[in-house]
$ cat upload.cif   # mmCIF, C-alpha atoms (C1' of nucleotides) and all ligand atoms
data_data
#
loop_
_atom_site.label_atom_id
_atom_site.label_comp_id
_atom_site.auth_asym_id
_atom_site.auth_seq_id
_atom_site.Cartn_x
_atom_site.Cartn_y
_atom_site.Cartn_z
CA MET A 1 0.00 0.00 0.00
CA SER A 2 2.62 2.50 1.06
CA GLU A 3 4.74 1.25 -1.84
CA ILE A 4 1.92 1.89 -4.29
CA ILE A 5 1.31 5.35 -2.91
CA THR A 6 4.98 6.11 -3.26
CA GLU A 7 4.88 5.06 -6.89
CA MET A 8 1.86 7.19 -7.54
CA VAL A 9 3.49 10.13 -5.84
CA LYS A 10 6.65 9.62 -7.88
CA GLU A 11 4.58 9.75 -11.03
CA LYS A 12 2.87 12.90 -9.89
CA ILE A 13 6.18 14.51 -9.10
CA ASN A 14 7.47 13.69 -12.56
CA GLU A 15 4.38 15.22 -14.12
CA PHE A 16 4.87 18.21 -11.89
CA ILE A 17 8.45 18.61 -13.05
CA ASP A 18 7.40 18.43 -16.68
CA ARG A 19 4.65 20.97 -16.16
CA SER A 20 7.05 23.25 -14.32
CA LYS A 21 9.42 23.22 -17.25
CA ASP A 22 6.58 23.92 -19.65
CA LEU A 23 5.56 26.85 -17.52
CA GLY A 24 9.11 28.16 -17.27
CA LEU A 25 9.29 27.48 -13.54
CA LYS A 26 12.66 26.55 -12.19
CA VAL A 27 12.74 23.13 -10.60
CA THR A 28 14.22 23.52 -7.15
CA PRO A 29 14.51 21.00 -4.33
CA GLN A 30 12.23 23.21 -2.21
CA ARG A 31 9.54 23.16 -4.86
CA ILE A 32 9.78 19.43 -5.27
CA ALA A 33 9.58 18.92 -1.52
CA ILE A 34 6.52 21.15 -1.24
CA TYR A 35 4.76 19.49 -4.12
CA LYS A 36 5.65 16.06 -2.83
CA GLU A 37 4.19 16.72 0.61
CA LEU A 38 0.99 17.97 -0.89
CA ALA A 39 0.73 15.11 -3.36
CA SER A 40 1.34 12.55 -0.61
CA THR A 41 -1.66 13.39 1.50
CA ASP A 42 -5.41 13.80 1.28
CA GLN A 43 -5.48 15.92 4.42
CA HIS A 44 -5.55 19.35 2.80
CA PRO A 45 -2.69 20.72 4.87
CA SER A 46 -2.03 24.34 5.67
CA THR A 47 1.18 26.14 4.76
CA GLU A 48 2.46 25.71 8.28
CA THR A 49 1.76 21.98 8.27
CA ILE A 50 3.64 21.47 5.03
CA TYR A 51 6.49 23.56 6.33
CA LYS A 52 6.83 21.46 9.48
CA LYS A 53 6.83 18.20 7.54
CA ILE A 54 9.60 19.37 5.25
CA LYS A 55 11.62 20.77 8.15
CA ASP A 56 12.22 17.23 9.35
CA TYR A 57 14.42 16.36 6.42
CA TYR A 58 15.21 19.80 5.04
CA PRO A 59 15.83 21.82 8.20
CA ASN A 60 16.73 25.13 6.65
CA ILE A 61 13.78 25.56 4.35
CA SER A 62 12.09 28.88 4.91
CA LEU A 63 8.45 29.30 5.83
CA THR A 64 8.36 32.22 3.45
CA THR A 65 9.34 29.96 0.62
CA VAL A 66 6.50 27.60 1.43
CA TYR A 67 3.98 30.43 1.40
CA ARG A 68 5.33 31.89 -1.81
CA THR A 69 5.60 28.56 -3.56
CA LEU A 70 2.09 27.42 -2.72
CA GLU A 71 0.78 30.70 -4.01
CA THR A 72 2.78 30.32 -7.22
CA PHE A 73 1.55 26.78 -7.75
CA GLU A 74 -2.01 27.83 -7.16
CA LYS A 75 -1.89 30.73 -9.57
CA LEU A 76 -0.57 28.43 -12.26
CA GLY A 77 -3.18 25.78 -11.57
CA LEU A 78 -0.74 23.14 -10.34
CA ILE A 79 -2.64 22.84 -7.09
CA SER A 80 -5.82 24.31 -5.66
CA VAL A 81 -6.83 26.13 -2.53
CA VAL A 82 -9.54 24.63 -0.42
CA ASN A 83 -11.11 27.63 1.14
CA VAL A 84 -12.79 26.26 4.16
CA LEU A 85 -11.85 27.86 7.38
CA TYR A 86 -11.57 31.47 8.34
CA ASN A 87 -7.98 31.23 9.47
CA ALA A 88 -5.36 29.43 7.42
CA ALA A 89 -5.59 28.54 3.74
CA ARG A 90 -5.64 24.81 3.02
CA TYR A 91 -4.18 23.31 -0.12
CA ASP A 92 -4.89 20.33 -2.34
CA ALA A 93 -2.80 18.74 -5.07
CA ASN A 94 -5.75 16.64 -6.18
CA LEU A 95 -7.22 18.36 -9.22
CA ASP A 96 -9.84 15.71 -9.99
CA PRO A 97 -13.37 17.12 -9.73
CA HIS A 98 -14.48 16.74 -6.16
CA ASN A 99 -15.83 18.68 -3.23
CA HIS A 100 -15.08 18.89 0.47
CA ILE A 101 -16.68 18.42 3.81
CA VAL A 102 -15.42 20.08 6.96
CA CYS A 103 -16.03 18.82 10.43
CA THR A 104 -17.33 21.82 12.31
CA VAL A 105 -15.78 20.49 15.50
CA CYS A 106 -12.24 19.34 14.68
CA LYS A 107 -11.91 21.28 11.39
CA LYS A 108 -10.78 18.21 9.48
CA VAL A 109 -11.34 18.49 5.72
CA GLU A 110 -12.23 15.41 3.69
CA ASP A 111 -12.90 14.76 0.05
CA VAL A 112 -16.39 14.15 -1.25
CA TYR A 113 -16.80 12.39 -4.56
CA ASP A 114 -20.33 12.67 -5.80
CA ALA A 115 -21.09 13.14 -9.45
CA SER A 116 -24.32 14.98 -8.77
CA LEU A 117 -22.34 17.65 -6.97
CA THR A 118 -19.64 18.06 -9.59
CA THR A 119 -21.93 18.35 -12.59
CA LEU A 120 -24.34 21.08 -11.61
CA ASP A 121 -25.54 23.07 -14.56
CA ILE A 122 -24.70 26.63 -13.71
CA SER A 123 -24.14 27.92 -17.21
CA ASP A 124 -27.35 29.85 -17.72
CA LYS A 125 -28.77 29.95 -14.25
CA THR A 126 -27.60 32.43 -11.67
CA LEU A 127 -26.61 35.97 -12.43
CA GLY A 128 -26.65 36.80 -16.11
CA GLU A 129 -24.19 39.59 -15.42
CA TYR A 130 -21.44 37.15 -14.65
CA GLN A 131 -19.26 35.07 -16.84
CA ILE A 132 -19.23 31.98 -14.66
CA LYS A 133 -15.97 30.13 -14.29
CA GLY A 134 -16.81 27.49 -11.75
CA TYR A 135 -18.13 26.70 -8.34
CA SER A 136 -17.21 24.92 -5.19
CA ILE A 137 -19.45 23.15 -2.76
CA LEU A 138 -18.47 22.96 0.83
CA LEU A 139 -20.41 20.60 3.02
CA ASN A 140 -20.30 20.82 6.77
CA GLY A 141 -21.13 18.41 9.51
CA VAL A 142 -19.74 16.50 12.43
CA CYS A 143 -17.37 13.61 11.82
CA LYS A 144 -17.66 10.21 13.43
CA ASP A 145 -14.81 10.80 15.87
CA CYS A 146 -16.30 14.05 17.09
CA ARG A 147 -19.73 12.55 17.53
CA SER A 148 -18.54 9.73 19.74
CA ASN A 149 -16.05 12.07 21.48
CA MET B 150 -37.34 53.29 -2.89
CA SER B 151 -34.95 54.44 -0.20
CA GLU B 152 -38.06 55.05 1.96
CA ILE B 153 -39.19 51.48 1.40
CA ILE B 154 -35.79 50.06 2.23
CA THR B 155 -35.75 52.07 5.40
CA GLU B 156 -39.11 50.65 6.38
CA MET B 157 -37.92 47.13 5.69
CA VAL B 158 -34.80 47.71 7.70
CA LYS B 159 -36.84 49.11 10.58
CA GLU B 160 -38.89 45.96 10.58
CA LYS B 161 -35.80 43.81 10.56
CA ILE B 162 -34.35 45.76 13.44
CA ASN B 163 -37.50 45.26 15.46
CA GLU B 164 -37.38 41.54 14.79
CA PHE B 165 -33.74 41.59 15.77
CA ILE B 166 -34.55 43.30 19.06
CA ASP B 167 -37.24 40.76 19.82
CA ARG B 168 -34.95 37.87 19.02
CA SER B 169 -32.20 39.38 21.15
CA LYS B 170 -34.53 39.55 24.12
CA ASP B 171 -35.60 35.96 23.56
CA LEU B 172 -31.97 34.94 23.48
CA GLY B 173 -31.10 36.90 26.60
CA LEU B 174 -28.87 39.31 24.71
CA LYS B 175 -28.75 42.86 25.96
CA VAL B 176 -29.95 45.36 23.42
CA THR B 177 -27.27 48.01 23.15
CA PRO B 178 -26.96 50.92 20.74
CA GLN B 179 -23.77 49.35 19.37
CA ARG B 180 -25.54 46.11 18.61
CA ILE B 181 -28.43 47.89 16.95
CA ALA B 182 -26.02 49.94 14.84
CA ILE B 183 -24.10 46.87 13.76
CA TYR B 184 -27.21 44.93 12.91
CA LYS B 185 -28.69 47.92 11.10
CA GLU B 186 -25.63 48.36 8.88
CA LEU B 187 -25.66 44.73 7.96
CA ALA B 188 -29.40 44.64 7.34
CA SER B 189 -29.20 47.74 5.13
CA THR B 190 -26.91 46.32 2.50
CA ASP B 191 -26.55 43.38 0.19
CA GLN B 192 -22.81 43.92 -0.15
CA HIS B 193 -21.63 41.35 2.43
CA PRO B 194 -19.38 43.79 4.25
CA SER B 195 -16.34 42.92 6.33
CA THR B 196 -15.97 43.82 9.99
CA GLU B 197 -13.78 46.75 9.08
CA THR B 198 -16.31 48.09 6.57
CA ILE B 199 -19.14 47.95 9.09
CA TYR B 200 -16.94 49.61 11.67
CA LYS B 201 -16.12 52.51 9.37
CA LYS B 202 -19.75 53.12 8.45
CA ILE B 203 -20.79 53.27 12.08
CA LYS B 204 -17.88 55.53 13.01
CA ASP B 205 -19.48 58.31 10.98
CA TYR B 206 -22.34 58.72 13.41
CA TYR B 207 -21.01 56.86 16.43
CA PRO B 208 -17.38 57.95 16.56
CA ASN B 209 -16.31 56.17 19.70
CA ILE B 210 -17.49 52.69 18.83
CA SER B 211 -14.68 50.19 19.19
CA LEU B 212 -13.47 47.92 16.42
CA THR B 213 -13.21 45.17 19.02
CA THR B 214 -16.90 45.52 19.73
CA VAL B 215 -17.74 45.09 16.07
CA TYR B 216 -15.65 41.95 15.84
CA ARG B 217 -17.08 40.53 19.02
CA THR B 218 -20.65 41.41 18.18
CA LEU B 219 -20.59 39.93 14.70
CA GLU B 220 -19.20 36.74 16.15
CA THR B 221 -21.93 36.66 18.78
CA PHE B 222 -24.64 37.25 16.21
CA GLU B 223 -23.26 34.54 14.01
CA LYS B 224 -23.04 31.97 16.76
CA LEU B 225 -26.65 32.61 17.65
CA GLY B 226 -27.79 32.42 14.04
CA LEU B 227 -28.88 36.06 13.78
CA ILE B 228 -26.58 36.56 10.81
CA SER B 229 -24.31 34.37 8.73
CA VAL B 230 -20.70 34.41 7.60
CA VAL B 231 -20.03 34.34 3.90
CA ASN B 232 -16.70 32.61 3.70
CA VAL B 233 -15.39 33.67 0.37
CA LEU B 234 -12.02 35.24 0.46
CA TYR B 235 -8.87 34.21 2.18
CA ASN B 236 -8.46 37.42 4.07
CA ALA B 237 -11.35 39.03 5.91
CA ALA B 238 -14.62 37.38 6.93
CA ARG B 239 -17.69 38.78 5.21
CA TYR B 240 -21.11 38.89 6.85
CA ASP B 241 -24.71 38.66 5.72
CA ALA B 242 -27.93 39.49 7.58
CA ASN B 243 -29.98 37.86 4.87
CA LEU B 244 -30.90 34.41 6.13
CA ASP B 245 -33.12 33.44 3.21
CA PRO B 246 -31.73 30.40 1.40
CA HIS B 247 -29.34 31.65 -1.21
CA ASN B 248 -25.80 31.29 -2.46
CA HIS B 249 -23.04 33.65 -3.52
CA ILE B 250 -20.90 34.48 -6.46
CA VAL B 251 -17.55 36.21 -6.14
CA CYS B 252 -15.92 38.19 -8.87
CA THR B 253 -12.41 36.82 -9.09
CA VAL B 254 -11.15 40.22 -10.20
CA CYS B 255 -12.73 42.82 -7.91
CA LYS B 256 -13.73 40.40 -5.11
CA LYS B 257 -17.30 41.68 -5.05
CA VAL B 258 -19.76 39.21 -3.53
CA GLU B 259 -23.30 39.00 -4.86
CA ASP B 260 -26.34 36.94 -4.00
CA VAL B 261 -27.50 34.10 -6.19
CA TYR B 262 -31.08 32.91 -5.89
CA ASP B 263 -31.56 29.62 -7.63
CA ALA B 264 -33.81 26.97 -6.20
CA SER B 265 -31.87 24.15 -7.81
CA LEU B 266 -28.80 25.21 -5.83
CA THR B 267 -30.53 25.56 -2.49
CA THR B 268 -32.35 22.24 -2.54
CA LEU B 269 -29.60 19.74 -3.26
CA ASP B 270 -30.23 16.38 -1.67
CA ILE B 271 -27.17 15.76 0.43
CA SER B 272 -28.76 13.66 3.14
CA ASP B 273 -27.58 10.22 2.06
CA LYS B 274 -24.94 11.05 -0.50
CA THR B 275 -21.43 11.98 0.46
CA LEU B 276 -19.52 10.50 3.35
CA GLY B 277 -21.56 8.14 5.47
CA GLU B 278 -19.24 8.91 8.35
CA TYR B 279 -20.56 12.43 8.66
CA GLN B 280 -23.69 13.77 10.15
CA ILE B 281 -24.33 16.45 7.56
CA LYS B 282 -25.54 19.82 8.73
CA GLY B 283 -25.56 21.84 5.56
CA TYR B 284 -23.65 23.10 2.61
CA SER B 285 -22.72 26.26 0.83
CA ILE B 286 -22.11 26.81 -2.80
CA LEU B 287 -19.75 29.47 -3.91
CA LEU B 288 -19.74 30.40 -7.56
CA ASN B 289 -16.94 32.33 -9.12
CA GLY B 290 -16.61 34.32 -12.26
CA VAL B 291 -15.95 37.74 -13.67
CA CYS B 292 -18.52 40.48 -13.24
CA LYS B 293 -19.75 42.75 -16.01
CA ASP B 294 -17.72 45.73 -14.82
CA CYS B 295 -14.51 43.75 -14.72
CA ARG B 296 -15.07 42.27 -18.16
CA SER B 297 -15.53 45.63 -19.85
CA ASN B 298 -12.76 47.09 -17.68
"C1'" DT C 299 -33.23 53.41 42.48
"C1'" DC C 300 -30.13 49.61 43.10
"C1'" DT C 301 -27.56 45.60 41.82
"C1'" DT C 302 -25.84 42.37 39.07
"C1'" DT C 303 -23.72 40.93 35.23
"C1'" DA C 304 -23.05 41.35 30.44
"C1'" DA C 305 -21.10 44.53 27.23
"C1'" DT C 306 -17.85 47.91 25.89
"C1'" DG C 307 -13.44 50.40 24.85
"C1'" DA C 308 -8.63 50.71 24.94
"C1'" DT C 309 -4.76 48.40 24.19
"C1'" DA C 310 -1.67 44.54 23.90
"C1'" DA C 311 -0.91 40.11 21.95
"C1'" DT C 312 -1.27 36.59 18.56
"C1'" DG C 313 -1.37 34.21 14.14
"C1'" DA C 314 -1.27 34.24 9.26
"C1'" DT C 315 0.57 36.28 5.45
"C1'" DT C 316 3.41 39.57 2.77
"C1'" DA C 317 7.36 42.79 1.85
"C1'" DC C 318 12.15 43.47 1.58
"C1'" DT C 319 16.81 42.44 0.49
"C1'" DA C 320 21.13 40.19 0.41
"C1'" DT C 321 22.64 35.78 -1.05
"C1'" DT C 322 22.31 31.60 -3.52
"C1'" DT C 323 21.17 28.53 -7.28
"C1'" DC C 324 19.10 26.90 -11.47
"C1'" DC C 325 19.86 26.54 -16.22
"C1'" DA C 326 20.58 28.18 -20.88
"C1'" DA C 327 24.08 29.82 -23.78
"C1'" DA C 328 28.77 29.92 -24.85
"C1'" DT D 329 31.98 22.52 -18.47
"C1'" DT D 330 32.06 26.81 -17.36
"C1'" DT D 331 29.67 31.07 -16.64
"C1'" DG D 332 26.26 35.09 -16.48
"C1'" DG D 333 22.16 36.49 -15.17
"C1'" DA D 334 17.53 36.00 -13.95
"C1'" DA D 335 14.79 33.66 -10.72
"C1'" DA D 336 14.35 31.65 -6.26
"C1'" DT D 337 15.53 31.35 -1.45
"C1'" DA D 338 16.40 32.50 3.54
"C1'" DG D 339 16.06 35.49 7.10
"C1'" DT D 340 13.87 39.09 9.02
"C1'" DA D 341 10.77 42.90 9.53
"C1'" DA D 342 6.29 44.60 8.61
"C1'" DT D 343 1.41 44.28 7.93
"C1'" DC D 344 -3.26 42.75 8.40
"C1'" DA D 345 -7.04 40.37 10.61
"C1'" DT D 346 -8.49 38.72 14.71
"C1'" DT D 347 -8.47 37.60 19.74
"C1'" DA D 348 -7.25 38.27 24.72
"C1'" DT D 349 -7.12 41.05 28.74
"C1'" DC D 350 -8.97 44.03 31.94
"C1'" DA D 351 -10.76 48.16 33.90
"C1'" DT D 352 -14.96 50.83 33.18
"C1'" DT D 353 -19.75 51.40 31.80
"C1'" DA D 354 -24.52 50.54 31.14
"C1'" DA D 355 -28.77 47.39 30.25
"C1'" DA D 356 -32.50 45.54 32.58
"C1'" DG D 357 -34.72 43.01 36.22
"C1'" DA D 358 -35.66 43.31 41.31
MN MN A 401 -9.58 17.45 -1.83
MN MN A 402 -26.00 37.02 0.64
ZN ZN A 403 -14.34 16.03 13.72
ZN ZN A 404 -15.60 42.42 -10.72
#
$ encode --input "upload.cif" --output "structure tokens"
Amino acid sequence: MSEIITEMVKEKINEFIDRSKDLGLKVTPQRIAIYKELASTDQHPSTETIYKKIKDYYPNISLTTVYRTLETFEKLGLISVVNVLYNAARYDANLDPHNHIVCTVCKKVEDVYDASLTTLDISDKTLGEYQIKGYSILLNGVCKDCRSN
Amino acid sequence: MSEIITEMVKEKINEFIDRSKDLGLKVTPQRIAIYKELASTDQHPSTETIYKKIKDYYPNISLTTVYRTLETFEKLGLISVVNVLYNAARYDANLDPHNHIVCTVCKKVEDVYDASLTTLDISDKTLGEYQIKGYSILLNGVCKDCRSN
DNA sequence: TCTTTAATGATAATGATTACTATTTCCAAA
DNA sequence: TTTGGAAATAGTAATCATTATCATTAAAGA
């Protein structure tokens, strides 16, 4: 299992490197580390969380670099921001169509795959004044752990 | 028109006062001012914006009070938070079922009334592990002004 | 009116993010 | 393979939004 994940992550990193080159982004060890951490989890980590993980094996990476890099990746569409909480931004390297649910108690963010939520027809509905680009659905509830607490 | 809005707002304020009493909240001039500003607009203002408006006629109101009061109102369900941007929280006194669209350029937030978006069946779908409370849909696009720019 | 307790205002503290700048490093061209 | 220069990084200071603290004030029931 962990082997398979590692292989998948390796693939993703290679794709990431290719895309970086296409985009004219320099491929640095920091950027690879940041992308790798994000691609290795489905936890939607914050900047700080990613920073701490990398610190373990790359002790002199700068928090500033992590902030800047995540922002760069996001602007270029290499990753996405999961805008869920009112404090820290949470990131996601998974670009497959999906939505998220947040536990209102422990603030955990999990993926929700449901075709009926990713295929809403919003083209003509809504405000005619807007040129609609997309939408995101954020569900909220209480997770199993927090219910049994 | 402006007369009619004023009447509607007056009504809302009276309802707000009644609800406050029911909830055991003290009715203070600060609270009335904050609720009034929020009930008078469809712009989804931030704390800072509300604070500045009130300052004009109530110069010694404290920014802290505005923060604290909006949080109190939100916790009690008197208003809602529109979680759209990554910086400041935006509030809404309009509790009718509706969603929001953000202009990705100017960050304006507008209401979207569309029954098909407010009546999604999320009860059984999604993660069985969660006890679902609700959902919010955030559309994004470019507004008319920003397209003609 | 009096009393109690919640609410407020002033200010300090915190947490997340951004700005700045000197130094380093990627990488394309020679 | 070297090398020049632009891009990226690290370290630090600054900023912005929000929260904590605490002494003072005021709403509202007795
Ligand atoms: Mn996700
Ligand atoms: Mn609204
Ligand atoms: Zn939970
Ligand atoms: Zn706009």
$ interface_residues --input "upload.cif" --of "chain B" --to "chain D" --cutoff "8 Å" --atoms "all atoms listed in the file" --output "PyMOL selection string"
chain B and resi 175-177+216+236-237
$ residues_near_ligand --input "upload.cif" --ligand "ligand ZN 403 (chain A)" --cutoff "8 Å" --atoms "all atoms listed in the file" --output "list in words"
Val102, Cys103, Thr104, Val105, Cys106, Lys107, Lys108, Val142, Cys143, Lys144, Asp145, Cys146 and Arg147 of chain A
$ closest_residue --input "upload.cif" --among "A:Met8, A:Ile61, A:Ile32, A:Ile132" --to "ligand ZN 404 (chain A)" --atoms "all atoms listed in the file"
A:Ile132
$ residues_near_ligand --input "upload.cif" --ligand "ligand MN 402 (chain A)" --cutoff "12 Å" --atoms "only C-alpha atoms (C1' of nucleotides) and all ligand atoms" --output "VMD selection string"
chain B and resid 187 to 188 190 to 194 228 to 233 239 to 251 257 to 262 285 to 287
$ write_last_selection --input "upload.cif" --atoms "C-alpha atoms" --output "mmCIF file, in the coordinates of the input"
data_model
loop_
_atom_site.group_PDB
_atom_site.id
_atom_site.type_symbol
_atom_site.label_atom_id
_atom_site.label_comp_id
_atom_site.auth_asym_id
_atom_site.auth_seq_id
_atom_site.Cartn_x
_atom_site.Cartn_y
_atom_site.Cartn_z
ATOM 1 C CA LEU B 187 -25.660 44.730 7.960
ATOM 2 C CA ALA B 188 -29.400 44.640 7.340
ATOM 3 C CA THR B 190 -26.910 46.320 2.500
ATOM 4 C CA ASP B 191 -26.550 43.380 0.190
ATOM 5 C CA GLN B 192 -22.810 43.920 -0.150
ATOM 6 C CA HIS B 193 -21.630 41.350 2.430
ATOM 7 C CA PRO B 194 -19.380 43.790 4.250
ATOM 8 C CA ILE B 228 -26.580 36.560 10.810
ATOM 9 C CA SER B 229 -24.310 34.370 8.730
ATOM 10 C CA VAL B 230 -20.700 34.410 7.600
ATOM 11 C CA VAL B 231 -20.030 34.340 3.900
ATOM 12 C CA ASN B 232 -16.700 32.610 3.700
ATOM 13 C CA VAL B 233 -15.390 33.670 0.370
ATOM 14 C CA ARG B 239 -17.690 38.780 5.210
ATOM 15 C CA TYR B 240 -21.110 38.890 6.850
ATOM 16 C CA ASP B 241 -24.710 38.660 5.720
ATOM 17 C CA ALA B 242 -27.930 39.490 7.580
ATOM 18 C CA ASN B 243 -29.980 37.860 4.870
ATOM 19 C CA LEU B 244 -30.900 34.410 6.130
ATOM 20 C CA ASP B 245 -33.120 33.440 3.210
ATOM 21 C CA PRO B 246 -31.730 30.400 1.400
ATOM 22 C CA HIS B 247 -29.340 31.650 -1.210
ATOM 23 C CA ASN B 248 -25.800 31.290 -2.460
ATOM 24 C CA HIS B 249 -23.040 33.650 -3.520
ATOM 25 C CA ILE B 250 -20.900 34.480 -6.460
ATOM 26 C CA VAL B 251 -17.550 36.210 -6.140
ATOM 27 C CA LYS B 257 -17.300 41.680 -5.050
ATOM 28 C CA VAL B 258 -19.760 39.210 -3.530
ATOM 29 C CA GLU B 259 -23.300 39.000 -4.860
ATOM 30 C CA ASP B 260 -26.340 36.940 -4.000
ATOM 31 C CA VAL B 261 -27.500 34.100 -6.190
ATOM 32 C CA TYR B 262 -31.080 32.910 -5.890
ATOM 33 C CA SER B 285 -22.720 26.260 0.830
ATOM 34 C CA ILE B 286 -22.110 26.810 -2.800
ATOM 35 C CA LEU B 287 -19.750 29.470 -3.910
#
$ atom_distance --input "upload.cif" --atom1 "atom CA of A:Ser62" --atom2 "atom CA of A:Glu37"
15.1 Å
$ interface_residues --input "upload.cif" --of "chain C" --to "chain A" --cutoff "10 Å" --atoms "all atoms listed in the file" --output "PDB file with C-alpha atoms (C1' of nucleotides), in the coordinates of the input"
ATOM      1  C1'  DG C 313      -1.370  34.210  14.140  1.00  0.00           C
ATOM      2  C1'  DA C 314      -1.270  34.240   9.260  1.00  0.00           C
ATOM      3  C1'  DT C 315       0.570  36.280   5.450  1.00  0.00           C
ATOM      4  C1'  DT C 316       3.410  39.570   2.770  1.00  0.00           C
ATOM      5  C1'  DT C 323      21.170  28.530  -7.280  1.00  0.00           C
ATOM      6  C1'  DC C 324      19.100  26.900 -11.470  1.00  0.00           C
ATOM      7  C1'  DC C 325      19.860  26.540 -16.220  1.00  0.00           C
TER       8       DC C 325
END
$ closest_residue --input "upload.cif" --among "A:Ser148, A:Leu23, A:Asn140, A:Leu76" --to "chain B" --atoms "only C-alpha atoms"
A:Asn140
$ atom_distance --input "upload.cif" --atom1 "atom CA of A:Lys10" --atom2 "atom CA of A:Gly77"
19.3 Å
